[in-house]
Every structure is written in C-alpha cells, then in structure tokens.
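Undergrad: Here it is, the structure, as structure tokens.
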Amino acid sequence: MHAPLRILALDTATTGCSVSLCCGDDVLVHDARDMSRGQAQVLLPMAVEALRQAGLAPQDLDAIAITRGPGAFTGLRIGLAAARGLALALGIPCIGVTTLEVIAHGVSGQDRHGKTVLAAVESKREDLYVQTFDDALNPLSKPLAADAPGLAALVGTAEAVLVVGDGGLRAIDMLRSEGIEAEMSTAAALPDTRIVATLAATRFDAHTKAPAPAPLYLRPPDAKMPKNEGRARP
C-alpha cells in the first residue's frame with residue numbers, strides 16, 4: 001500500500017495568493033489571501049510557514065502543484081517560477097493544473113447536476129477567459145478568451161448554465177446581452193489550492209519525469225518589446 005502523497009499546492013494566478021499542504025485526503029495547512037499585488041513577497045514565506053505548521057521539512061514533499069493559467073500575466077509568472085524552483089531544488093515533480101478546471105471543481109455535485117458549468121476568469125479586457133464542463137466536470141471546450149457573441153456560441157443550446165469564477169457576473173451579463181440566461185454559482189470565485197492538490201495527485205507519476213508546467217496564456221501580453229528589441233537606434 002502506497003503512502004499518501006504530500007503535496008504543496010500554490011496559486012497566484014488571479015487576485016489571490018494561496019498555499020495548501022495536503023497529505024492524501026487530509027488538508028494539513030490552508031492559507032488563502034485576497035491580494036492582486038505583492039504575491040512575490042509573501043508566497044514563499046507562506047509556503048515555509050505551512051511546512052512549519054505541519055511539522056514537515058521540504059524534503060518530506062512528494063510534489064509541488066501550481067495553477068498555470070489562464071490568469072494575470074504577472075501572477076502566473078510568480079507562481080510558476082516559485083513552483084518550478086522548489087521542485088527543481090527538491091528533485092520532485094512540479095504538476096500544473098489550469099485555473100479554469102480548479103474553479104469548476106469547486107462546484108458541488110448537487111449544484112451542477114443537470115447543468116453546463118461555465119468557468120469564467122476575469123481578463124481585465126472586453127473578453128473573459130472561459131471553459132465549459134458537463135455536470136460530471138468533463139471538459140466540453142478548450143480554454144479560450146471569448147467576448148459576448150463567442151460566449152453565447154460556446155454555451156450553445158445548453159438547457160441550464162451555471163457560472164463560476166471571478167468573471168462570473170460579467171459572463172452572465174454578456175450572455176444576457178445575447179438572449180441567454182445563466183445562474184451564478186455560490187462556489188468560491190478564486191482557485192482553491194486544496195483542489196489544486198487533489199487534481200495534481202491524480203496526475204502524479206513517480207516513474208515518469210514530466211516536463212515543468214508551462215503557463216497557459218490565451219493572449220499575448222499587453223507589454224511588448226519595441227521592434228528593435230530595446231536597442232538604441234543608430
């Protein structure tokens with residue numbers, strides 16, 4: 001019988017900073033803070049404190065789990081850099097899960113029964129980062145950035161739509177503008193690192209060296225290098 005996995009899960013993908021330390025189905029430590037800035041300063045101290053509270057050393061961990069997007073560019077870079085660095089230093093896997101699937105899995109089975117789940121993450125632009133799932137949380141679409149007409153096309157002819165995520169209320173307004181009604185879920189709007197750990201555990205393989213997770217960007221960053229790549233003009 002295998003020992004339960006000890007997974008440190010991190011998230012800085014949206015407007016939060018969260019750390020969970022889980023051992024199998026047991027949540028040893030969970031710390032979630034609502035913050036859109038300053039995550040780089042607090043994420044690693046939060047992880048160190050989680051290990052201290054659990055009475056574990058970094059070498060006791062089996063894997064690091066991280067949300068890999070979509071989300072805020074800066075937040076994604078902070079979280080992925082920290083997760084990859086820890087995993088590399090400890091010689092353990094770094095397992096990435098998408099922000100949208102984590103948010104969707106926060107919806108209870110009772111609430112999503114018979115409904116299409118629409119996970120919506122705020123993009124701070126005219127569109128939203130979205131993905132649809134059936135009531136068993138099987139993906140119905142790929143993650144994408146969608147405006148109101150795109151969102152309506154994504155939902156299609158679903159009889160009942162349940163929306164979750166920090167872009168949920170805006171998604172409902174966008175759908176309503178296209179003549180489609182949807183319901184807002186009461187589930188957490190931000191990614192829960194306890195769920196990140198649970199999903200990562202299902203993808204853990206001690207015998208396969210998986211590549212480090214890559215960020216899931218659904219559009220290029222707003223800031224771009226100048227055409228001369230920053231070099232002074234002659």
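Residues are referred to by chain and number: the chain letter is A, B, ... according to the order shown in the structure tokens, the number counts from 1 in that chain, and ligands are numbered separately from 1 in the order shown.
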Skip range 184-192 of chain A itself and residues of its chain fewer than 4 positions away, then list as number ranges by chain all residues within 8 Å of it, counting only C-alpha atoms.

TA: A: 11, 14-16, 18, 99, 102-103, 106-108, 111, 162-166, 168-169, 172, 196

Undergrad: From a DSSP calculation on the backbone, collect every residue of range 1-233 of chain A in strand (DSSP E) and output the set as a PDB file with N, CA and C atoms, in the first residue's frame.

TA:
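Wrote selection-v9.pdb, looks like this:
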ATOM      1  N   ARG A   6       2.317  13.714  -0.213  1.00  0.00           N
ATOM      2  CA  ARG A   6       2.422  15.017   0.445  1.00  0.00           C
ATOM      3  C   ARG A   6       2.682  16.059  -0.629  1.00  0.00           C
ATOM      4  N   ILE A   7       1.696  16.903  -0.864  1.00  0.00           N
ATOM      5  CA  ILE A   7       1.752  17.862  -1.968  1.00  0.00           C
ATOM      6  C   ILE A   7       1.611  19.281  -1.432  1.00  0.00           C
ATOM      7  N   LEU A   8       2.516  20.146  -1.857  1.00  0.00           N
ATOM      8  CA  LEU A   8       2.424  21.575  -1.564  1.00  0.00           C
ATOM      9  C   LEU A   8       1.846  22.246  -2.798  1.00  0.00           C
ATOM     10  N   ALA A   9       0.660  22.851  -2.641  1.00  0.00           N
ATOM     11  CA  ALA A   9      -0.031  23.478  -3.766  1.00  0.00           C
ATOM     12  C   ALA A   9       0.006  24.992  -3.627  1.00  0.00           C
ATOM     13  N   LEU A  10       0.292  25.674  -4.741  1.00  0.00           N
ATOM     14  CA  LEU A  10       0.442  27.127  -4.761  1.00  0.00           C
ATOM     15  C   LEU A  10      -0.474  27.736  -5.809  1.00  0.00           C
ATOM     16  N   ASP A  11      -0.918  28.974  -5.559  1.00  0.00           N
ATOM     17  CA  ASP A  11      -1.704  29.694  -6.561  1.00  0.00           C
ATOM     18  C   ASP A  11      -1.509  31.194  -6.417  1.00  0.00           C
ATOM     19  N   GLY A  16      -5.567  36.403  -5.879  1.00  0.00           N
ATOM     20  CA  GLY A  16      -5.333  35.798  -4.574  1.00  0.00           C
ATOM     21  C   GLY A  16      -3.921  35.254  -4.483  1.00  0.00           C
ATOM     22  N   CYS A  17      -3.564  34.868  -3.278  1.00  0.00           N
ATOM     23  CA  CYS A  17      -2.302  34.179  -3.033  1.00  0.00           C
ATOM     24  C   CYS A  17      -2.626  33.078  -2.044  1.00  0.00           C
ATOM     25  N   SER A  18      -2.442  31.841  -2.466  1.00  0.00           N
ATOM     26  CA  SER A  18      -2.917  30.722  -1.666  1.00  0.00           C
ATOM     27  C   SER A  18      -1.900  29.594  -1.625  1.00  0.00           C
ATOM     28  N   VAL A  19      -1.818  28.953  -0.471  1.00  0.00           N
ATOM     29  CA  VAL A  19      -0.932  27.812  -0.254  1.00  0.00           C
ATOM     30  C   VAL A  19      -1.701  26.746   0.520  1.00  0.00           C
ATOM     31  N   SER A  20      -1.615  25.515   0.069  1.00  0.00           N
ATOM     32  CA  SER A  20      -2.170  24.389   0.824  1.00  0.00           C
ATOM     33  C   SER A  20      -1.138  23.276   0.892  1.00  0.00           C
ATOM     34  N   LEU A  21      -1.076  22.639   2.031  1.00  0.00           N
ATOM     35  CA  LEU A  21      -0.209  21.482   2.223  1.00  0.00           C
ATOM     36  C   LEU A  21      -1.111  20.300   2.553  1.00  0.00           C
ATOM     37  N   CYS A  22      -1.117  19.318   1.660  1.00  0.00           N
ATOM     38  CA  CYS A  22      -2.042  18.198   1.799  1.00  0.00           C
ATOM     39  C   CYS A  22      -1.280  16.880   1.861  1.00  0.00           C
ATOM     40  N   CYS A  23      -1.824  15.951   2.629  1.00  0.00           N
ATOM     41  CA  CYS A  23      -1.293  14.600   2.722  1.00  0.00           C
ATOM     42  C   CYS A  23      -2.438  13.648   2.413  1.00  0.00           C
ATOM     43  N   ASP A  26      -6.114  14.487   3.450  1.00  0.00           N
ATOM     44  CA  ASP A  26      -6.055  15.378   4.617  1.00  0.00           C
ATOM     45  C   ASP A  26      -5.405  16.708   4.248  1.00  0.00           C
ATOM     46  N   VAL A  27      -6.071  17.798   4.604  1.00  0.00           N
ATOM     47  CA  VAL A  27      -5.509  19.130   4.420  1.00  0.00           C
ATOM     48  C   VAL A  27      -4.790  19.505   5.709  1.00  0.00           C
ATOM     49  N   LEU A  28      -3.463  19.545   5.661  1.00  0.00           N
ATOM     50  CA  LEU A  28      -2.675  19.845   6.850  1.00  0.00           C
ATOM     51  C   LEU A  28      -2.665  21.340   7.146  1.00  0.00           C
ATOM     52  N   VAL A  29      -2.522  22.149   6.103  1.00  0.00           N
ATOM     53  CA  VAL A  29      -2.490  23.608   6.251  1.00  0.00           C
ATOM     54  C   VAL A  29      -3.129  24.228   5.020  1.00  0.00           C
ATOM     55  N   HIS A  30      -3.925  25.264   5.232  1.00  0.00           N
ATOM     56  CA  HIS A  30      -4.503  26.013   4.111  1.00  0.00           C
ATOM     57  C   HIS A  30      -4.470  27.485   4.467  1.00  0.00           C
ATOM     58  N   ASP A  31      -3.862  28.295   3.599  1.00  0.00           N
ATOM     59  CA  ASP A  31      -3.752  29.731   3.824  1.00  0.00           C
ATOM     60  C   ASP A  31      -4.075  30.441   2.515  1.00  0.00           C
ATOM     61  N   ALA A  32      -5.154  31.203   2.503  1.00  0.00           N
ATOM     62  CA  ALA A  32      -5.574  31.911   1.290  1.00  0.00           C
ATOM     63  C   ALA A  32      -5.775  33.385   1.611  1.00  0.00           C
ATOM     64  N   ARG A  33      -5.200  34.238   0.782  1.00  0.00           N
ATOM     65  CA  ARG A  33      -5.286  35.679   0.985  1.00  0.00           C
ATOM     66  C   ARG A  33      -5.755  36.356  -0.295  1.00  0.00           C
ATOM     67  N   ASP A  34      -6.629  37.331  -0.147  1.00  0.00           N
ATOM     68  CA  ASP A  34      -7.136  38.088  -1.285  1.00  0.00           C
ATOM     69  C   ASP A  34      -6.184  39.238  -1.553  1.00  0.00           C
ATOM     70  N   ALA A  63       5.567  16.269  -4.178  1.00  0.00           N
ATOM     71  CA  ALA A  63       5.334  17.038  -5.399  1.00  0.00           C
ATOM     72  C   ALA A  63       4.946  18.468  -5.035  1.00  0.00           C
ATOM     73  N   ILE A  64       5.150  19.352  -6.007  1.00  0.00           N
ATOM     74  CA  ILE A  64       4.657  20.725  -5.937  1.00  0.00           C
ATOM     75  C   ILE A  64       3.568  20.852  -6.996  1.00  0.00           C
ATOM     76  N   ALA A  65       2.447  21.474  -6.632  1.00  0.00           N
ATOM     77  CA  ALA A  65       1.362  21.689  -7.589  1.00  0.00           C
ATOM     78  C   ALA A  65       1.128  23.191  -7.759  1.00  0.00           C
ATOM     79  N   ILE A  66       0.741  23.591  -8.972  1.00  0.00           N
ATOM     80  CA  ILE A  66       0.608  25.013  -9.262  1.00  0.00           C
ATOM     81  C   ILE A  66      -0.483  25.244 -10.314  1.00  0.00           C
ATOM     82  N   THR A  67      -1.226  26.341 -10.163  1.00  0.00           N
ATOM     83  CA  THR A  67      -2.136  26.773 -11.224  1.00  0.00           C
ATOM     84  C   THR A  67      -1.302  27.425 -12.328  1.00  0.00           C
ATOM     85  N   CYS A  94       6.826  18.799 -10.549  1.00  0.00           N
ATOM     86  CA  CYS A  94       6.015  20.011 -10.489  1.00  0.00           C
ATOM     87  C   CYS A  94       4.827  19.772 -11.415  1.00  0.00           C
ATOM     88  N   ILE A  95       3.627  19.786 -10.864  1.00  0.00           N
ATOM     89  CA  ILE A  95       2.425  19.408 -11.608  1.00  0.00           C
ATOM     90  C   ILE A  95       1.539  20.639 -11.784  1.00  0.00           C
ATOM     91  N   GLY A  96       1.224  20.965 -13.026  1.00  0.00           N
ATOM     92  CA  GLY A  96       0.389  22.124 -13.307  1.00  0.00           C
ATOM     93  C   GLY A  96      -1.050  21.735 -13.600  1.00  0.00           C
ATOM     94  N   VAL A  97      -1.977  22.532 -13.109  1.00  0.00           N
ATOM     95  CA  VAL A  97      -3.403  22.367 -13.423  1.00  0.00           C
ATOM     96  C   VAL A  97      -3.937  23.722 -13.861  1.00  0.00           C
ATOM     97  N   THR A 116     -24.732  22.759 -17.460  1.00  0.00           N
ATOM     98  CA  THR A 116     -23.431  23.032 -18.053  1.00  0.00           C
ATOM     99  C   THR A 116     -22.719  24.036 -17.163  1.00  0.00           C
ATOM    100  N   VAL A 117     -21.497  23.701 -16.751  1.00  0.00           N
ATOM    101  CA  VAL A 117     -20.720  24.590 -15.888  1.00  0.00           C
ATOM    102  C   VAL A 117     -19.824  25.458 -16.768  1.00  0.00           C
ATOM    103  N   LEU A 118     -19.945  26.762 -16.590  1.00  0.00           N
ATOM    104  CA  LEU A 118     -19.104  27.714 -17.310  1.00  0.00           C
ATOM    105  C   LEU A 118     -18.155  28.371 -16.314  1.00  0.00           C
ATOM    106  N   ALA A 119     -16.873  28.029 -16.395  1.00  0.00           N
ATOM    107  CA  ALA A 119     -15.861  28.666 -15.548  1.00  0.00           C
ATOM    108  C   ALA A 119     -15.379  29.920 -16.263  1.00  0.00           C
ATOM    109  N   ALA A 120     -15.393  31.046 -15.549  1.00  0.00           N
ATOM    110  CA  ALA A 120     -15.051  32.327 -16.160  1.00  0.00           C
ATOM    111  C   ALA A 120     -14.064  33.076 -15.269  1.00  0.00           C
ATOM    112  N   VAL A 121     -12.904  33.389 -15.832  1.00  0.00           N
ATOM    113  CA  VAL A 121     -11.863  34.128 -15.114  1.00  0.00           C
ATOM    114  C   VAL A 121     -11.724  35.513 -15.739  1.00  0.00           C
ATOM    115  N   GLU A 122     -11.656  36.525 -14.898  1.00  0.00           N
ATOM    116  CA  GLU A 122     -11.556  37.906 -15.355  1.00  0.00           C
ATOM    117  C   GLU A 122     -10.250  38.135 -16.119  1.00  0.00           C
ATOM    118  N   LEU A 128     -13.451  37.423 -21.680  1.00  0.00           N
ATOM    119  CA  LEU A 128     -13.195  36.664 -20.456  1.00  0.00           C
ATOM    120  C   LEU A 128     -12.461  35.382 -20.825  1.00  0.00           C
ATOM    121  N   TYR A 129     -11.707  34.830 -19.859  1.00  0.00           N
ATOM    122  CA  TYR A 129     -11.108  33.515 -20.033  1.00  0.00           C
ATOM    123  C   TYR A 129     -12.145  32.487 -19.573  1.00  0.00           C
ATOM    124  N   VAL A 130     -12.523  31.575 -20.447  1.00  0.00           N
ATOM    125  CA  VAL A 130     -13.648  30.689 -20.138  1.00  0.00           C
ATOM    126  C   VAL A 130     -13.387  29.258 -20.601  1.00  0.00           C
ATOM    127  N   GLN A 131     -14.155  28.346 -20.014  1.00  0.00           N
ATOM    128  CA  GLN A 131     -14.185  26.954 -20.440  1.00  0.00           C
ATOM    129  C   GLN A 131     -15.478  26.343 -19.927  1.00  0.00           C
ATOM    130  N   THR A 132     -16.072  25.450 -20.709  1.00  0.00           N
ATOM    131  CA  THR A 132     -17.305  24.784 -20.291  1.00  0.00           C
ATOM    132  C   THR A 132     -17.035  23.326 -19.928  1.00  0.00           C
ATOM    133  N   PHE A 133     -17.857  22.835 -18.990  1.00  0.00           N
ATOM    134  CA  PHE A 133     -17.764  21.466 -18.500  1.00  0.00           C
ATOM    135  C   PHE A 133     -19.179  20.902 -18.378  1.00  0.00           C
ATOM    136  N   LEU A 144     -10.440  29.272 -23.563  1.00  0.00           N
ATOM    137  CA  LEU A 144     -10.314  30.296 -24.593  1.00  0.00           C
ATOM    138  C   LEU A 144     -10.720  31.658 -24.051  1.00  0.00           C
ATOM    139  N   ALA A 145     -10.361  32.699 -24.801  1.00  0.00           N
ATOM    140  CA  ALA A 145     -10.797  34.050 -24.481  1.00  0.00           C
ATOM    141  C   ALA A 145     -11.989  34.361 -25.371  1.00  0.00           C
ATOM    142  N   ALA A 146     -13.132  34.753 -24.762  1.00  0.00           N
ATOM    143  CA  ALA A 146     -14.357  34.934 -25.537  1.00  0.00           C
ATOM    144  C   ALA A 146     -15.047  36.241 -25.169  1.00  0.00           C
ATOM    145  N   VAL A 161     -27.287  26.773 -17.484  1.00  0.00           N
ATOM    146  CA  VAL A 161     -25.876  27.152 -17.397  1.00  0.00           C
ATOM    147  C   VAL A 161     -25.588  27.681 -15.999  1.00  0.00           C
ATOM    148  N   LEU A 162     -24.584  27.106 -15.365  1.00  0.00           N
ATOM    149  CA  LEU A 162     -24.149  27.537 -14.042  1.00  0.00           C
ATOM    150  C   LEU A 162     -22.764  28.138 -14.182  1.00  0.00           C
ATOM    151  N   VAL A 163     -22.607  29.395 -13.777  1.00  0.00           N
ATOM    152  CA  VAL A 163     -21.357  30.122 -13.980  1.00  0.00           C
ATOM    153  C   VAL A 163     -20.594  30.232 -12.664  1.00  0.00           C
ATOM    154  N   VAL A 164     -19.277  30.042 -12.728  1.00  0.00           N
ATOM    155  CA  VAL A 164     -18.437  30.135 -11.538  1.00  0.00           C
ATOM    156  C   VAL A 164     -17.143  30.848 -11.902  1.00  0.00           C
ATOM    157  N   GLU A 183     -27.099  31.140 -14.413  1.00  0.00           N
ATOM    158  CA  GLU A 183     -27.170  31.246 -12.955  1.00  0.00           C
ATOM    159  C   GLU A 183     -25.765  31.322 -12.375  1.00  0.00           C
ATOM    160  N   MET A 184     -25.575  32.160 -11.356  1.00  0.00           N
ATOM    161  CA  MET A 184     -24.274  32.298 -10.712  1.00  0.00           C
ATOM    162  C   MET A 184     -24.138  31.274  -9.597  1.00  0.00           C
TER     163      MET A 184
END

Undergrad: Please report the interatomic distance between CA of Thr74 in chain A and CA of Val48 in chain A in Å with one decimal.

TA: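 Going from CA of Thr74 in chain A over to CA of Val48 in chain A, I get 21.7 Å.
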
Undergrad: List every residue of range 79-158 of chain A that DSSP, applied to the backbone, labels as alpha helix (DSSP H), and write the result as a PyMOL selection string.

TA: chain A and resi 79-90+99-104+109-112+148-155

Undergrad: Please dump the current selection as a tab-separated table (two decimals), in the first residue's frame; keep N, CA, C and O atoms.

TA:
chain	number	residue	atom	x	y	z
A	79	GLY	N	3.96	32.52	-9.58
A	79	GLY	CA	3.65	31.19	-9.08
A	79	GLY	C	4.44	30.10	-9.76
A	79	GLY	O	4.98	29.19	-9.11
A	80	LEU	N	4.52	30.15	-11.09
A	80	LEU	CA	5.24	29.12	-11.82
A	80	LEU	C	6.73	29.14	-11.52
A	80	LEU	O	7.36	28.09	-11.39
A	81	ALA	N	7.31	30.33	-11.38
A	81	ALA	CA	8.74	30.41	-11.06
A	81	ALA	C	9.02	29.81	-9.70
A	81	ALA	O	9.99	29.06	-9.52
A	82	ALA	N	8.16	30.12	-8.72
A	82	ALA	CA	8.35	29.58	-7.37
A	82	ALA	C	8.18	28.06	-7.37
A	82	ALA	O	8.98	27.33	-6.77
A	83	ALA	N	7.13	27.57	-8.04
A	83	ALA	CA	6.85	26.13	-8.04
A	83	ALA	C	7.96	25.36	-8.76
A	83	ALA	O	8.44	24.32	-8.28
A	84	ARG	N	8.38	25.85	-9.91
A	84	ARG	CA	9.44	25.17	-10.65
A	84	ARG	C	10.75	25.17	-9.86
A	84	ARG	O	11.46	24.16	-9.82
A	85	GLY	N	11.05	26.31	-9.23
A	85	GLY	CA	12.29	26.40	-8.46
A	85	GLY	C	12.31	25.44	-7.29
A	85	GLY	O	13.32	24.76	-7.05
A	86	LEU	N	11.20	25.38	-6.57
A	86	LEU	CA	11.12	24.45	-5.44
A	86	LEU	C	11.24	23.00	-5.90
A	86	LEU	O	11.97	22.20	-5.31
A	87	ALA	N	10.51	22.66	-6.95
A	87	ALA	CA	10.53	21.28	-7.44
A	87	ALA	C	11.91	20.89	-7.93
A	87	ALA	O	12.39	19.77	-7.67
A	88	LEU	N	12.58	21.80	-8.62
A	88	LEU	CA	13.92	21.52	-9.13
A	88	LEU	C	14.91	21.33	-7.99
A	88	LEU	O	15.72	20.39	-7.99
A	89	ALA	N	14.82	22.20	-6.99
A	89	ALA	CA	15.74	22.11	-5.85
A	89	ALA	C	15.54	20.82	-5.06
A	89	ALA	O	16.51	20.25	-4.53
A	90	LEU	N	14.29	20.36	-4.99
A	90	LEU	CA	13.98	19.17	-4.20
A	90	LEU	C	14.03	17.88	-5.02
A	90	LEU	O	13.94	16.78	-4.46
A	99	THR	N	-6.35	27.01	-14.18
A	99	THR	CA	-7.19	27.79	-13.28
A	99	THR	C	-8.66	27.45	-13.47
A	99	THR	O	-9.42	27.33	-12.50
A	100	LEU	N	-9.07	27.28	-14.72
A	100	LEU	CA	-10.48	27.05	-15.02
A	100	LEU	C	-10.98	25.71	-14.49
A	100	LEU	O	-12.08	25.61	-13.94
A	101	GLU	N	-10.17	24.65	-14.60
A	101	GLU	CA	-10.62	23.36	-14.09
A	101	GLU	C	-10.67	23.36	-12.57
A	101	GLU	O	-11.55	22.75	-11.96
A	102	VAL	N	-9.75	24.08	-11.93
A	102	VAL	CA	-9.77	24.16	-10.47
A	102	VAL	C	-11.05	24.85	-9.99
A	102	VAL	O	-11.73	24.38	-9.07
A	103	ILE	N	-11.40	25.96	-10.64
A	103	ILE	CA	-12.60	26.70	-10.25
A	103	ILE	C	-13.85	25.85	-10.49
A	103	ILE	O	-14.76	25.79	-9.66
A	104	ALA	N	-13.89	25.16	-11.63
A	104	ALA	CA	-15.05	24.31	-11.94
A	104	ALA	C	-15.21	23.19	-10.91
A	104	ALA	O	-16.33	22.86	-10.51
A	109	GLY	N	-21.39	18.65	-6.55
A	109	GLY	CA	-22.12	17.79	-7.45
A	109	GLY	C	-23.60	18.09	-7.48
A	109	GLY	O	-24.25	18.03	-8.52
A	110	GLN	N	-24.15	18.44	-6.33
A	110	GLN	CA	-25.59	18.76	-6.25
A	110	GLN	C	-25.90	20.02	-7.05
A	110	GLN	O	-26.90	20.07	-7.79
A	111	ASP	N	-25.05	21.04	-6.94
A	111	ASP	CA	-25.32	22.31	-7.62
A	111	ASP	C	-25.17	22.20	-9.13
A	111	ASP	O	-25.86	22.88	-9.88
A	112	ARG	N	-24.26	21.35	-9.60
A	112	ARG	CA	-24.02	21.29	-11.05
A	112	ARG	C	-24.84	20.21	-11.74
A	112	ARG	O	-24.77	20.09	-12.97
A	148	ALA	N	-18.82	38.51	-25.87
A	148	ALA	CA	-20.22	38.12	-25.68
A	148	ALA	C	-20.72	37.16	-26.76
A	148	ALA	O	-21.29	36.10	-26.43
A	149	PRO	N	-20.55	37.47	-28.04
A	149	PRO	CA	-21.01	36.51	-29.06
A	149	PRO	C	-20.28	35.17	-28.97
A	149	PRO	O	-20.88	34.10	-29.15
A	150	GLY	N	-18.98	35.21	-28.68
A	150	GLY	CA	-18.23	33.97	-28.54
A	150	GLY	C	-18.70	33.15	-27.36
A	150	GLY	O	-18.75	31.91	-27.42
A	151	LEU	N	-19.06	33.84	-26.28
A	151	LEU	CA	-19.55	33.16	-25.09
A	151	LEU	C	-20.89	32.49	-25.39
A	151	LEU	O	-21.14	31.35	-24.98
A	152	ALA	N	-21.75	33.18	-26.11
A	152	ALA	CA	-23.05	32.61	-26.48
A	152	ALA	C	-22.87	31.39	-27.36
A	152	ALA	O	-23.56	30.38	-27.19
A	153	ALA	N	-21.93	31.46	-28.29
A	153	ALA	CA	-21.67	30.31	-29.16
A	153	ALA	C	-21.10	29.14	-28.37
A	153	ALA	O	-21.40	27.98	-28.65
A	154	LEU	N	-20.29	29.45	-27.37
A	154	LEU	CA	-19.67	28.41	-26.55
A	154	LEU	C	-20.72	27.65	-25.74
A	154	LEU	O	-20.70	26.43	-25.65
A	155	VAL	N	-21.64	28.39	-25.16
A	155	VAL	CA	-22.71	27.78	-24.36
A	155	VAL	C	-23.69	27.04	-25.24
A	155	VAL	O	-24.23	25.98	-24.88

Undergrad: Would you work out the distance separating CA of Asp60 in chain A from CA of Leu44 in chain A, expressed in Å to one decimal?

TA: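 That distance, rounded to one decimal, is 16.7 Å.
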